[in-house]
>>> print(open('entry_35.cif').read())   # mmCIF, N, CA and C atoms
data_target
loop_
_atom_site.label_atom_id
_atom_site.label_comp_id
_atom_site.auth_asym_id
_atom_site.auth_seq_id
_atom_site.Cartn_x
_atom_site.Cartn_y
_atom_site.Cartn_z
N GLN A 1 -9.64 9.79 13.21
CA GLN A 1 -9.22 8.40 13.25
C GLN A 1 -9.65 7.69 11.97
N VAL A 2 -8.91 6.70 11.57
CA VAL A 2 -9.26 5.88 10.42
C VAL A 2 -8.82 4.45 10.72
N GLN A 3 -9.67 3.51 10.36
CA GLN A 3 -9.34 2.10 10.49
C GLN A 3 -9.11 1.52 9.10
N LEU A 4 -8.12 0.67 8.97
CA LEU A 4 -7.72 0.13 7.68
C LEU A 4 -7.76 -1.39 7.71
N VAL A 5 -8.35 -1.98 6.66
CA VAL A 5 -8.41 -3.43 6.56
C VAL A 5 -7.98 -3.84 5.16
N GLU A 6 -6.89 -4.59 5.10
CA GLU A 6 -6.38 -5.07 3.82
C GLU A 6 -7.03 -6.40 3.44
N SER A 7 -7.10 -6.66 2.14
CA SER A 7 -7.60 -7.93 1.65
C SER A 7 -7.01 -8.20 0.28
N GLY A 8 -7.15 -9.45 -0.18
CA GLY A 8 -6.73 -9.81 -1.52
C GLY A 8 -5.47 -10.63 -1.60
N GLY A 9 -4.76 -10.77 -0.49
CA GLY A 9 -3.53 -11.55 -0.53
C GLY A 9 -3.82 -13.04 -0.65
N ARG A 10 -2.95 -13.75 -1.35
CA ARG A 10 -3.10 -15.20 -1.49
C ARG A 10 -1.84 -15.77 -2.10
N LEU A 11 -1.84 -17.08 -2.32
CA LEU A 11 -0.74 -17.77 -2.98
C LEU A 11 -0.91 -17.68 -4.49
N VAL A 12 0.14 -17.21 -5.17
CA VAL A 12 0.13 -17.12 -6.63
C VAL A 12 1.45 -17.65 -7.17
N GLN A 13 1.52 -17.79 -8.48
CA GLN A 13 2.75 -18.24 -9.12
C GLN A 13 3.51 -17.05 -9.68
N ALA A 14 4.79 -17.21 -9.86
CA ALA A 14 5.62 -16.17 -10.44
C ALA A 14 5.05 -15.77 -11.80
N GLY A 15 5.00 -14.46 -12.03
CA GLY A 15 4.46 -13.94 -13.27
C GLY A 15 2.99 -13.58 -13.19
N ASP A 16 2.31 -14.04 -12.17
CA ASP A 16 0.89 -13.75 -12.01
C ASP A 16 0.66 -12.30 -11.59
N SER A 17 -0.60 -11.89 -11.64
CA SER A 17 -1.01 -10.57 -11.17
C SER A 17 -1.97 -10.73 -10.00
N LEU A 18 -2.02 -9.71 -9.17
CA LEU A 18 -2.87 -9.75 -7.99
C LEU A 18 -3.22 -8.31 -7.62
N ARG A 19 -4.43 -8.09 -7.12
CA ARG A 19 -4.80 -6.77 -6.66
C ARG A 19 -5.17 -6.81 -5.19
N LEU A 20 -4.48 -6.01 -4.42
CA LEU A 20 -4.79 -5.86 -3.01
C LEU A 20 -5.71 -4.66 -2.81
N SER A 21 -6.58 -4.77 -1.82
CA SER A 21 -7.47 -3.67 -1.46
C SER A 21 -7.25 -3.29 -0.01
N CYS A 22 -7.46 -2.03 0.26
CA CYS A 22 -7.40 -1.53 1.63
C CYS A 22 -8.65 -0.69 1.85
N ALA A 23 -9.57 -1.22 2.63
CA ALA A 23 -10.80 -0.52 2.94
C ALA A 23 -10.62 0.31 4.19
N ALA A 24 -11.00 1.58 4.09
CA ALA A 24 -10.84 2.50 5.21
C ALA A 24 -12.19 2.92 5.76
N SER A 25 -12.27 3.03 7.06
CA SER A 25 -13.46 3.57 7.68
C SER A 25 -13.06 4.83 8.44
N GLY A 26 -14.02 5.71 8.60
CA GLY A 26 -13.71 6.99 9.24
C GLY A 26 -13.92 8.11 8.25
N PRO A 27 -14.20 9.31 8.74
CA PRO A 27 -14.62 10.42 7.87
C PRO A 27 -13.49 11.14 7.15
N THR A 28 -12.24 10.80 7.44
CA THR A 28 -11.15 11.61 6.90
C THR A 28 -10.32 10.91 5.84
N PHE A 29 -10.78 9.77 5.34
CA PHE A 29 -9.97 9.02 4.37
C PHE A 29 -9.58 9.89 3.19
N SER A 30 -10.51 10.62 2.64
CA SER A 30 -10.23 11.40 1.43
C SER A 30 -9.26 12.55 1.68
N SER A 31 -8.97 12.82 2.94
CA SER A 31 -8.03 13.88 3.29
C SER A 31 -6.63 13.36 3.54
N ARG A 32 -6.40 12.08 3.27
CA ARG A 32 -5.13 11.45 3.66
C ARG A 32 -4.38 10.87 2.47
N ALA A 33 -3.09 11.10 2.45
CA ALA A 33 -2.22 10.33 1.56
C ALA A 33 -2.11 8.92 2.12
N MET A 34 -1.94 7.95 1.23
CA MET A 34 -1.94 6.55 1.63
C MET A 34 -0.68 5.85 1.12
N GLY A 35 -0.28 4.83 1.85
CA GLY A 35 0.91 4.10 1.44
C GLY A 35 0.72 2.60 1.58
N TRP A 36 1.54 1.86 0.85
CA TRP A 36 1.64 0.41 0.98
C TRP A 36 3.08 0.07 1.37
N PHE A 37 3.17 -0.82 2.34
CA PHE A 37 4.46 -1.31 2.80
C PHE A 37 4.39 -2.83 2.85
N ARG A 38 5.54 -3.47 3.00
CA ARG A 38 5.55 -4.92 3.13
C ARG A 38 6.66 -5.36 4.06
N ARG A 39 6.43 -6.54 4.64
CA ARG A 39 7.45 -7.15 5.50
C ARG A 39 7.66 -8.57 5.02
N ALA A 40 8.84 -8.83 4.47
CA ALA A 40 9.19 -10.18 4.04
C ALA A 40 9.72 -10.97 5.23
N PRO A 41 9.71 -12.29 5.14
CA PRO A 41 10.22 -13.12 6.24
C PRO A 41 11.63 -12.72 6.65
N ALA A 42 11.83 -12.53 7.93
CA ALA A 42 13.14 -12.21 8.50
C ALA A 42 13.66 -10.85 8.03
N LYS A 43 12.79 -9.97 7.57
CA LYS A 43 13.22 -8.65 7.14
C LYS A 43 12.35 -7.58 7.79
N GLY A 44 12.81 -6.37 7.74
CA GLY A 44 12.04 -5.27 8.28
C GLY A 44 10.99 -4.79 7.31
N ARG A 45 10.12 -3.93 7.80
CA ARG A 45 9.07 -3.37 6.95
C ARG A 45 9.69 -2.40 5.94
N GLU A 46 9.26 -2.51 4.69
CA GLU A 46 9.81 -1.66 3.66
C GLU A 46 8.71 -1.00 2.83
N PHE A 47 9.04 0.14 2.31
CA PHE A 47 8.11 0.91 1.48
C PHE A 47 7.89 0.22 0.14
N VAL A 48 6.64 0.26 -0.33
CA VAL A 48 6.29 -0.29 -1.64
C VAL A 48 5.78 0.82 -2.56
N ALA A 49 4.73 1.51 -2.14
CA ALA A 49 4.11 2.51 -3.01
C ALA A 49 3.29 3.46 -2.15
N ALA A 50 3.05 4.65 -2.69
CA ALA A 50 2.24 5.63 -1.98
C ALA A 50 1.51 6.51 -2.98
N ILE A 51 0.41 7.09 -2.51
CA ILE A 51 -0.42 7.93 -3.37
C ILE A 51 -0.85 9.16 -2.58
N SER A 52 -0.89 10.29 -3.25
CA SER A 52 -1.25 11.53 -2.58
C SER A 52 -2.73 11.58 -2.25
N ARG A 53 -3.09 12.56 -1.46
CA ARG A 53 -4.49 12.76 -1.10
C ARG A 53 -5.38 12.87 -2.34
N SER A 54 -4.94 13.60 -3.33
CA SER A 54 -5.73 13.83 -4.53
C SER A 54 -5.69 12.65 -5.50
N GLY A 55 -4.69 11.79 -5.33
CA GLY A 55 -4.48 10.71 -6.29
C GLY A 55 -3.63 11.13 -7.48
N GLY A 56 -3.25 12.39 -7.51
CA GLY A 56 -2.50 12.89 -8.65
C GLY A 56 -1.01 12.59 -8.62
N SER A 57 -0.51 12.22 -7.46
CA SER A 57 0.91 11.88 -7.33
C SER A 57 1.06 10.49 -6.76
N THR A 58 1.96 9.72 -7.35
CA THR A 58 2.28 8.40 -6.85
C THR A 58 3.78 8.25 -6.73
N TYR A 59 4.17 7.28 -5.94
CA TYR A 59 5.59 7.12 -5.61
C TYR A 59 5.82 5.64 -5.39
N TYR A 60 6.89 5.08 -5.99
CA TYR A 60 7.14 3.64 -5.91
C TYR A 60 8.58 3.37 -5.50
N SER A 61 8.76 2.24 -4.86
CA SER A 61 10.13 1.79 -4.60
C SER A 61 10.73 1.29 -5.91
N ASN A 62 12.03 1.28 -5.98
CA ASN A 62 12.70 0.84 -7.20
C ASN A 62 12.37 -0.61 -7.52
N SER A 63 12.14 -1.41 -6.49
CA SER A 63 11.93 -2.84 -6.71
C SER A 63 10.57 -3.15 -7.35
N VAL A 64 9.62 -2.22 -7.28
CA VAL A 64 8.29 -2.50 -7.85
C VAL A 64 7.93 -1.53 -8.97
N GLN A 65 8.74 -0.50 -9.16
CA GLN A 65 8.47 0.48 -10.21
C GLN A 65 8.28 -0.22 -11.55
N GLY A 66 7.21 0.11 -12.24
CA GLY A 66 6.92 -0.50 -13.53
C GLY A 66 6.12 -1.79 -13.46
N ARG A 67 5.97 -2.35 -12.26
CA ARG A 67 5.19 -3.59 -12.09
C ARG A 67 3.94 -3.37 -11.24
N PHE A 68 4.02 -2.50 -10.26
CA PHE A 68 2.90 -2.26 -9.35
C PHE A 68 2.27 -0.90 -9.65
N ILE A 69 0.97 -0.81 -9.40
CA ILE A 69 0.24 0.44 -9.57
C ILE A 69 -0.62 0.68 -8.34
N VAL A 70 -0.49 1.85 -7.74
CA VAL A 70 -1.32 2.23 -6.60
C VAL A 70 -2.40 3.20 -7.08
N SER A 71 -3.60 3.02 -6.56
CA SER A 71 -4.71 3.90 -6.94
C SER A 71 -5.66 4.02 -5.76
N ARG A 72 -6.59 4.96 -5.87
CA ARG A 72 -7.55 5.15 -4.78
C ARG A 72 -8.93 5.45 -5.34
N ASP A 73 -9.93 5.07 -4.58
CA ASP A 73 -11.33 5.33 -4.92
C ASP A 73 -11.96 5.95 -3.69
N ASP A 74 -11.99 7.27 -3.66
CA ASP A 74 -12.49 7.95 -2.47
C ASP A 74 -13.99 7.75 -2.26
N ALA A 75 -14.72 7.51 -3.33
CA ALA A 75 -16.15 7.27 -3.18
C ALA A 75 -16.42 6.00 -2.37
N ASN A 76 -15.48 5.06 -2.45
CA ASN A 76 -15.63 3.79 -1.73
C ASN A 76 -14.61 3.64 -0.61
N ASN A 77 -13.91 4.71 -0.29
CA ASN A 77 -12.93 4.69 0.81
C ASN A 77 -11.95 3.52 0.68
N THR A 78 -11.43 3.34 -0.50
CA THR A 78 -10.55 2.20 -0.74
C THR A 78 -9.30 2.62 -1.51
N VAL A 79 -8.18 2.05 -1.14
CA VAL A 79 -6.95 2.20 -1.90
C VAL A 79 -6.53 0.82 -2.38
N TYR A 80 -5.98 0.78 -3.59
CA TYR A 80 -5.63 -0.49 -4.22
C TYR A 80 -4.14 -0.56 -4.53
N LEU A 81 -3.66 -1.77 -4.60
CA LEU A 81 -2.31 -2.02 -5.09
C LEU A 81 -2.40 -3.14 -6.11
N GLU A 82 -2.25 -2.77 -7.37
CA GLU A 82 -2.26 -3.74 -8.45
C GLU A 82 -0.83 -4.21 -8.67
N MET A 83 -0.63 -5.51 -8.57
CA MET A 83 0.71 -6.08 -8.65
C MET A 83 0.79 -6.99 -9.86
N ASN A 84 1.69 -6.68 -10.77
CA ASN A 84 1.87 -7.45 -11.99
C ASN A 84 3.28 -8.04 -12.04
N GLY A 85 3.42 -9.10 -12.81
CA GLY A 85 4.74 -9.70 -12.93
C GLY A 85 5.34 -10.09 -11.59
N LEU A 86 4.54 -10.72 -10.75
CA LEU A 86 5.00 -11.02 -9.40
C LEU A 86 6.18 -11.97 -9.40
N LYS A 87 7.07 -11.75 -8.45
CA LYS A 87 8.29 -12.52 -8.30
C LYS A 87 8.32 -13.15 -6.91
N PRO A 88 9.04 -14.24 -6.74
CA PRO A 88 9.13 -14.84 -5.39
C PRO A 88 9.61 -13.84 -4.34
N GLU A 89 10.45 -12.91 -4.71
CA GLU A 89 10.93 -11.93 -3.74
C GLU A 89 9.86 -10.90 -3.33
N ASP A 90 8.71 -10.94 -3.97
CA ASP A 90 7.58 -10.10 -3.55
C ASP A 90 6.79 -10.74 -2.41
N THR A 91 7.14 -11.96 -2.05
CA THR A 91 6.47 -12.63 -0.94
C THR A 91 6.65 -11.84 0.35
N ALA A 92 5.53 -11.50 0.98
CA ALA A 92 5.58 -10.67 2.18
C ALA A 92 4.16 -10.48 2.71
N VAL A 93 4.09 -9.94 3.91
CA VAL A 93 2.83 -9.41 4.41
C VAL A 93 2.76 -7.95 3.95
N TYR A 94 1.66 -7.59 3.33
CA TYR A 94 1.48 -6.25 2.80
C TYR A 94 0.54 -5.45 3.70
N TYR A 95 0.97 -4.24 4.02
CA TYR A 95 0.23 -3.36 4.90
C TYR A 95 -0.13 -2.06 4.18
N CYS A 96 -1.33 -1.57 4.43
CA CYS A 96 -1.60 -0.21 3.99
C CYS A 96 -1.54 0.72 5.20
N ALA A 97 -1.29 1.98 4.92
CA ALA A 97 -1.09 2.95 5.98
C ALA A 97 -1.61 4.30 5.54
N ALA A 98 -2.00 5.12 6.51
CA ALA A 98 -2.55 6.44 6.23
C ALA A 98 -1.73 7.52 6.93
N ARG A 99 -1.51 8.62 6.23
CA ARG A 99 -0.88 9.78 6.85
C ARG A 99 -1.95 10.60 7.56
N GLY A 100 -1.53 11.57 8.32
CA GLY A 100 -2.46 12.46 8.98
C GLY A 100 -3.21 13.32 7.98
N PRO A 101 -4.33 13.91 8.38
CA PRO A 101 -5.18 14.67 7.45
C PRO A 101 -4.76 16.11 7.22
N ALA A 102 -3.77 16.59 7.93
CA ALA A 102 -3.38 17.99 7.77
C ALA A 102 -2.88 18.24 6.35
N SER A 103 -3.10 19.44 5.86
CA SER A 103 -2.76 19.77 4.48
C SER A 103 -1.26 19.63 4.20
N THR A 104 -0.45 19.74 5.21
CA THR A 104 1.00 19.58 5.02
C THR A 104 1.40 18.13 4.80
N LEU A 105 0.44 17.21 4.96
CA LEU A 105 0.74 15.78 4.86
C LEU A 105 0.07 15.13 3.66
N TRP A 106 -0.36 15.92 2.69
CA TRP A 106 -1.14 15.38 1.58
C TRP A 106 -0.29 14.68 0.53
N GLU A 107 1.01 14.83 0.57
CA GLU A 107 1.85 14.21 -0.44
C GLU A 107 2.27 12.80 -0.01
N PRO A 108 2.57 11.93 -0.96
CA PRO A 108 2.99 10.56 -0.63
C PRO A 108 4.38 10.56 0.01
N SER A 109 4.63 9.58 0.82
CA SER A 109 5.91 9.47 1.50
C SER A 109 6.36 8.02 1.56
N HIS A 110 7.67 7.80 1.55
CA HIS A 110 8.22 6.45 1.67
C HIS A 110 8.64 6.14 3.10
N LEU A 111 8.45 7.09 4.00
CA LEU A 111 8.93 6.92 5.37
C LEU A 111 7.86 6.30 6.27
N ILE A 112 8.22 5.22 6.94
CA ILE A 112 7.29 4.57 7.86
C ILE A 112 6.81 5.55 8.92
N SER A 113 7.70 6.38 9.40
CA SER A 113 7.36 7.31 10.48
C SER A 113 6.37 8.38 10.06
N ASP A 114 6.13 8.54 8.77
CA ASP A 114 5.18 9.56 8.30
C ASP A 114 3.73 9.08 8.34
N TYR A 115 3.52 7.83 8.69
CA TYR A 115 2.18 7.25 8.70
C TYR A 115 1.74 6.97 10.13
N ASP A 116 0.51 7.32 10.42
CA ASP A 116 0.07 7.17 11.80
C ASP A 116 -1.06 6.16 11.98
N HIS A 117 -1.55 5.57 10.90
CA HIS A 117 -2.54 4.51 11.01
C HIS A 117 -2.14 3.36 10.10
N TRP A 118 -2.28 2.14 10.61
CA TRP A 118 -1.85 0.95 9.89
C TRP A 118 -2.92 -0.13 9.95
N GLY A 119 -2.99 -0.91 8.87
CA GLY A 119 -3.84 -2.08 8.88
C GLY A 119 -3.10 -3.28 9.45
N GLN A 120 -3.78 -4.42 9.51
CA GLN A 120 -3.19 -5.63 10.08
C GLN A 120 -2.39 -6.43 9.07
N GLY A 121 -2.55 -6.15 7.79
CA GLY A 121 -1.75 -6.81 6.77
C GLY A 121 -2.47 -7.97 6.09
N THR A 122 -2.02 -8.28 4.89
CA THR A 122 -2.52 -9.42 4.12
C THR A 122 -1.32 -10.13 3.49
N GLN A 123 -1.33 -11.46 3.56
CA GLN A 123 -0.18 -12.25 3.12
C GLN A 123 -0.23 -12.49 1.61
N VAL A 124 0.88 -12.19 0.97
CA VAL A 124 1.06 -12.52 -0.45
C VAL A 124 2.24 -13.48 -0.54
N THR A 125 2.00 -14.62 -1.17
CA THR A 125 3.05 -15.61 -1.35
C THR A 125 3.18 -15.92 -2.83
N VAL A 126 4.38 -15.78 -3.35
CA VAL A 126 4.64 -16.01 -4.77
C VAL A 126 5.56 -17.22 -4.90
N SER A 127 5.05 -18.26 -5.53
CA SER A 127 5.85 -19.47 -5.71
C SER A 127 6.58 -19.41 -7.05
N SER A 128 7.72 -20.04 -7.10
CA SER A 128 8.56 -20.00 -8.32
C SER A 128 8.21 -21.15 -9.24
#
>>> encode(input="entry_35.cif", output="C-alpha cells")
Amino acid sequence: QVQLVESGGRLVQAGDSLRLSCAASGPTFSSRAMGWFRRAPAKGREFVAAISRSGGSTYYSNSVQGRFIVSRDDANNTVYLEMNGLKPEDTAVYYCAARGPASTLWEPSHLISDYDHWGQGTQVTVSS
C-alpha cells in the first residue's frame, strides 16, 4: 500500500512557474512508476506526465511537453511536477498516482486504469 499527498498548488499568473510535490508513505514507493493527472472544470481526468520506477524514463502529454518536468526523489519518497510557462488552460486539480510494484509495471503509463493509488489532489489556478 502507498498513500499519496499532493501539495504546492496555488493561484498564479500566466507565464509563471510552479512546482508540485507528491509525498508518498509506505515501503514500496521506490518500486513504483508514478504519474501526474489533472481534472479541469467540467472535464474528465487527463494524463499530464509520468516517470518510471528508476526515473530514467519520462512521458508527457502533448499539451505540456516542453513546459513541464516530472522527477522523483526516492530518498525522500517524493515525486515532483515542475510546471513552467503556465497557461490559463493548465487550471485544474492535479493528482499524483502510483502504479503497482510488480516489475511488469515499472514503466510510465498515460492510462488512468494503470494506476491503483491516488492522492486527493491540489488546485492550480492560472489567471490570464
>>> closest_residue(input="entry_35.cif", among="A:Thr122, A:Asn77, A:Ser7, A:Ser71", to="Ser21 in chain A", atoms="all atoms listed in the file")
A:Ser7
>>> residues_around(input="entry_35.cif", residues="Ala50 in chain A", least_positions_apart="2", cutoff="8 Å", atoms="only N, CA and C atoms", output="list of chain:residue names")
A:Ala33, A:Met34, A:Gly35, A:Trp36, A:Phe37, A:Phe47, A:Val48, A:Ser52, A:Arg53, A:Ser57, A:Thr58, A:Tyr59, A:Tyr60, A:Ser61, A:Ile69, A:Val70, A:Ser71, A:Glu107, A:Pro108, A:Ser109, A:His110
>>> write_last_selection(input="entry_35.cif", atoms="N, CA and C atoms", output="short mmCIF file (atom, residue, chain, number, x, y, z; two decimals), keeping the file's coordinate frame")
data_model
loop_
_atom_site.label_atom_id
_atom_site.label_comp_id
_atom_site.auth_asym_id
_atom_site.auth_seq_id
_atom_site.Cartn_x
_atom_site.Cartn_y
_atom_site.Cartn_z
N ALA A 33 -3.09 11.10 2.45
CA ALA A 33 -2.22 10.33 1.56
C ALA A 33 -2.11 8.92 2.12
N MET A 34 -1.94 7.95 1.23
CA MET A 34 -1.94 6.55 1.63
C MET A 34 -0.68 5.85 1.12
N GLY A 35 -0.28 4.83 1.85
CA GLY A 35 0.91 4.10 1.44
C GLY A 35 0.72 2.60 1.58
N TRP A 36 1.54 1.86 0.85
CA TRP A 36 1.64 0.41 0.98
C TRP A 36 3.08 0.07 1.37
N PHE A 37 3.17 -0.82 2.34
CA PHE A 37 4.46 -1.31 2.80
C PHE A 37 4.39 -2.83 2.85
N PHE A 47 9.04 0.14 2.31
CA PHE A 47 8.11 0.91 1.48
C PHE A 47 7.89 0.22 0.14
N VAL A 48 6.64 0.26 -0.33
CA VAL A 48 6.29 -0.29 -1.64
C VAL A 48 5.78 0.82 -2.56
N SER A 52 -0.89 10.29 -3.25
CA SER A 52 -1.25 11.53 -2.58
C SER A 52 -2.73 11.58 -2.25
N ARG A 53 -3.09 12.56 -1.46
CA ARG A 53 -4.49 12.76 -1.10
C ARG A 53 -5.38 12.87 -2.34
N SER A 57 -0.51 12.22 -7.46
CA SER A 57 0.91 11.88 -7.33
C SER A 57 1.06 10.49 -6.76
N THR A 58 1.96 9.72 -7.35
CA THR A 58 2.28 8.40 -6.85
C THR A 58 3.78 8.25 -6.73
N TYR A 59 4.17 7.28 -5.94
CA TYR A 59 5.59 7.12 -5.61
C TYR A 59 5.82 5.64 -5.39
N TYR A 60 6.89 5.08 -5.99
CA TYR A 60 7.14 3.64 -5.91
C TYR A 60 8.58 3.37 -5.50
N SER A 61 8.76 2.24 -4.86
CA SER A 61 10.13 1.79 -4.60
C SER A 61 10.73 1.29 -5.91
N ILE A 69 0.97 -0.81 -9.40
CA ILE A 69 0.24 0.44 -9.57
C ILE A 69 -0.62 0.68 -8.34
N VAL A 70 -0.49 1.85 -7.74
CA VAL A 70 -1.32 2.23 -6.60
C VAL A 70 -2.40 3.20 -7.08
N SER A 71 -3.60 3.02 -6.56
CA SER A 71 -4.71 3.90 -6.94
C SER A 71 -5.66 4.02 -5.76
N GLU A 107 1.01 14.83 0.57
CA GLU A 107 1.85 14.21 -0.44
C GLU A 107 2.27 12.80 -0.01
N PRO A 108 2.57 11.93 -0.96
CA PRO A 108 2.99 10.56 -0.63
C PRO A 108 4.38 10.56 0.01
N SER A 109 4.63 9.58 0.82
CA SER A 109 5.91 9.47 1.50
C SER A 109 6.36 8.02 1.56
N HIS A 110 7.67 7.80 1.55
CA HIS A 110 8.22 6.45 1.67
C HIS A 110 8.64 6.14 3.10
#
>>> select_by_dssp(input="entry_35.cif", residues="range 10-103 of chain A", states="helix (DSSP H, G or I)", output="compact mmCIF listing (two decimals) with N, CA and C atoms, in the frame of the given file")
# COMPACT_ATOMS: atom_id res chain seq x y z
N PHE A 29 -10.78 9.77 5.34
CA PHE A 29 -9.97 9.02 4.37
C PHE A 29 -9.58 9.89 3.19
N SER A 30 -10.51 10.62 2.64
CA SER A 30 -10.23 11.40 1.43
C SER A 30 -9.26 12.55 1.68
N SER A 31 -8.97 12.82 2.94
CA SER A 31 -8.03 13.88 3.29
C SER A 31 -6.63 13.36 3.54
N ASP A 74 -11.99 7.27 -3.66
CA ASP A 74 -12.49 7.95 -2.47
C ASP A 74 -13.99 7.75 -2.26
N ALA A 75 -14.72 7.51 -3.33
CA ALA A 75 -16.15 7.27 -3.18
C ALA A 75 -16.42 6.00 -2.37
N ASN A 76 -15.48 5.06 -2.45
CA ASN A 76 -15.63 3.79 -1.73
C ASN A 76 -14.61 3.64 -0.61
N PRO A 88 9.04 -14.24 -6.74
CA PRO A 88 9.13 -14.84 -5.39
C PRO A 88 9.61 -13.84 -4.34
N GLU A 89 10.45 -12.91 -4.71
CA GLU A 89 10.93 -11.93 -3.74
C GLU A 89 9.86 -10.90 -3.33
N ASP A 90 8.71 -10.94 -3.97
CA ASP A 90 7.58 -10.10 -3.55
C ASP A 90 6.79 -10.74 -2.41
N SER A 103 -3.10 19.44 5.86
CA SER A 103 -2.76 19.77 4.48
C SER A 103 -1.26 19.63 4.20
>>> atom_distance(input="entry_35.cif", atom1="atom N of Gly119 in chain A", atom2="atom N of Gly66 in chain A")
23.5 Å
>>> residues_near_point(input="entry_35.cif", point="(-4.2, -15.9, 1.5)", cutoff="8 Å", atoms="all atoms listed in the file", output="list in words")
Gly8, Gly9, Arg10, Leu11, Thr122, Gln123, Val124 and Thr125 of chain A
>>> resolve_selection(input="entry_35.cif", expression="the PyMOL selection byres (((chain A and resi 80-82 and name CA) around 9) and name CA)", output="MDAnalysis selection string")
chainID A and resid 17:23 36 49 67:73 78:79 83:84
>>> resolve_selection(input="entry_35.cif", expression="the PyMOL selection byres ((chain A and resi 88) around 6)", output="VMD selection string")
chain A and resid 14 86 to 87 89 to 91 126 to 128
>>> write_last_selection(input="entry_35.cif", atoms="N, CA and C atoms", output="short mmCIF file (atom, residue, chain, number, x, y, z; two decimals), in the frame of the given file")
data_model
loop_
_atom_site.label_atom_id
_atom_site.label_comp_id
_atom_site.auth_asym_id
_atom_site.auth_seq_id
_atom_site.Cartn_x
_atom_site.Cartn_y
_atom_site.Cartn_z
N ALA A 14 4.79 -17.21 -9.86
CA ALA A 14 5.62 -16.17 -10.44
C ALA A 14 5.05 -15.77 -11.80
N LEU A 86 4.54 -10.72 -10.75
CA LEU A 86 5.00 -11.02 -9.40
C LEU A 86 6.18 -11.97 -9.40
N LYS A 87 7.07 -11.75 -8.45
CA LYS A 87 8.29 -12.52 -8.30
C LYS A 87 8.32 -13.15 -6.91
N GLU A 89 10.45 -12.91 -4.71
CA GLU A 89 10.93 -11.93 -3.74
C GLU A 89 9.86 -10.90 -3.33
N ASP A 90 8.71 -10.94 -3.97
CA ASP A 90 7.58 -10.10 -3.55
C ASP A 90 6.79 -10.74 -2.41
N THR A 91 7.14 -11.96 -2.05
CA THR A 91 6.47 -12.63 -0.94
C THR A 91 6.65 -11.84 0.35
N VAL A 126 4.38 -15.78 -3.35
CA VAL A 126 4.64 -16.01 -4.77
C VAL A 126 5.56 -17.22 -4.90
N SER A 127 5.05 -18.26 -5.53
CA SER A 127 5.85 -19.47 -5.71
C SER A 127 6.58 -19.41 -7.05
N SER A 128 7.72 -20.04 -7.10
CA SER A 128 8.56 -20.00 -8.32
C SER A 128 8.21 -21.15 -9.24
#
>>> select_by_dssp(input="entry_35.cif", residues="range 9-121 of chain A", states="strand (DSSP E or B)", output="JSON, numbers by chain")
{"A": [11, 12, 13, 18, 19, 20, 21, 22, 23, 24, 25, 34, 35, 36, 37, 38, 39, 45, 46, 47, 48, 49, 50, 51, 58, 59, 60, 68, 69, 70, 71, 72, 73, 78, 79, 80, 81, 82, 83, 92, 93, 94, 95, 96, 97, 98, 117, 118]}
>>> closest_residue(input="entry_35.cif", among="A:Asp74, A:Phe29, A:His117, A:Trp106", to="Ile51 in chain A", atoms="all atoms listed in the file")
A:Trp106
>>> atom_distance(input="entry_35.cif", atom1="CA of Thr28 in chain A", atom2="CA of Val93 in chain A")
25.4 Å
>>> resolve_selection(input="entry_35.cif", expression="the PyMOL selection byres ((chain A and resi 26) around 7)", output="count of residues only")
8
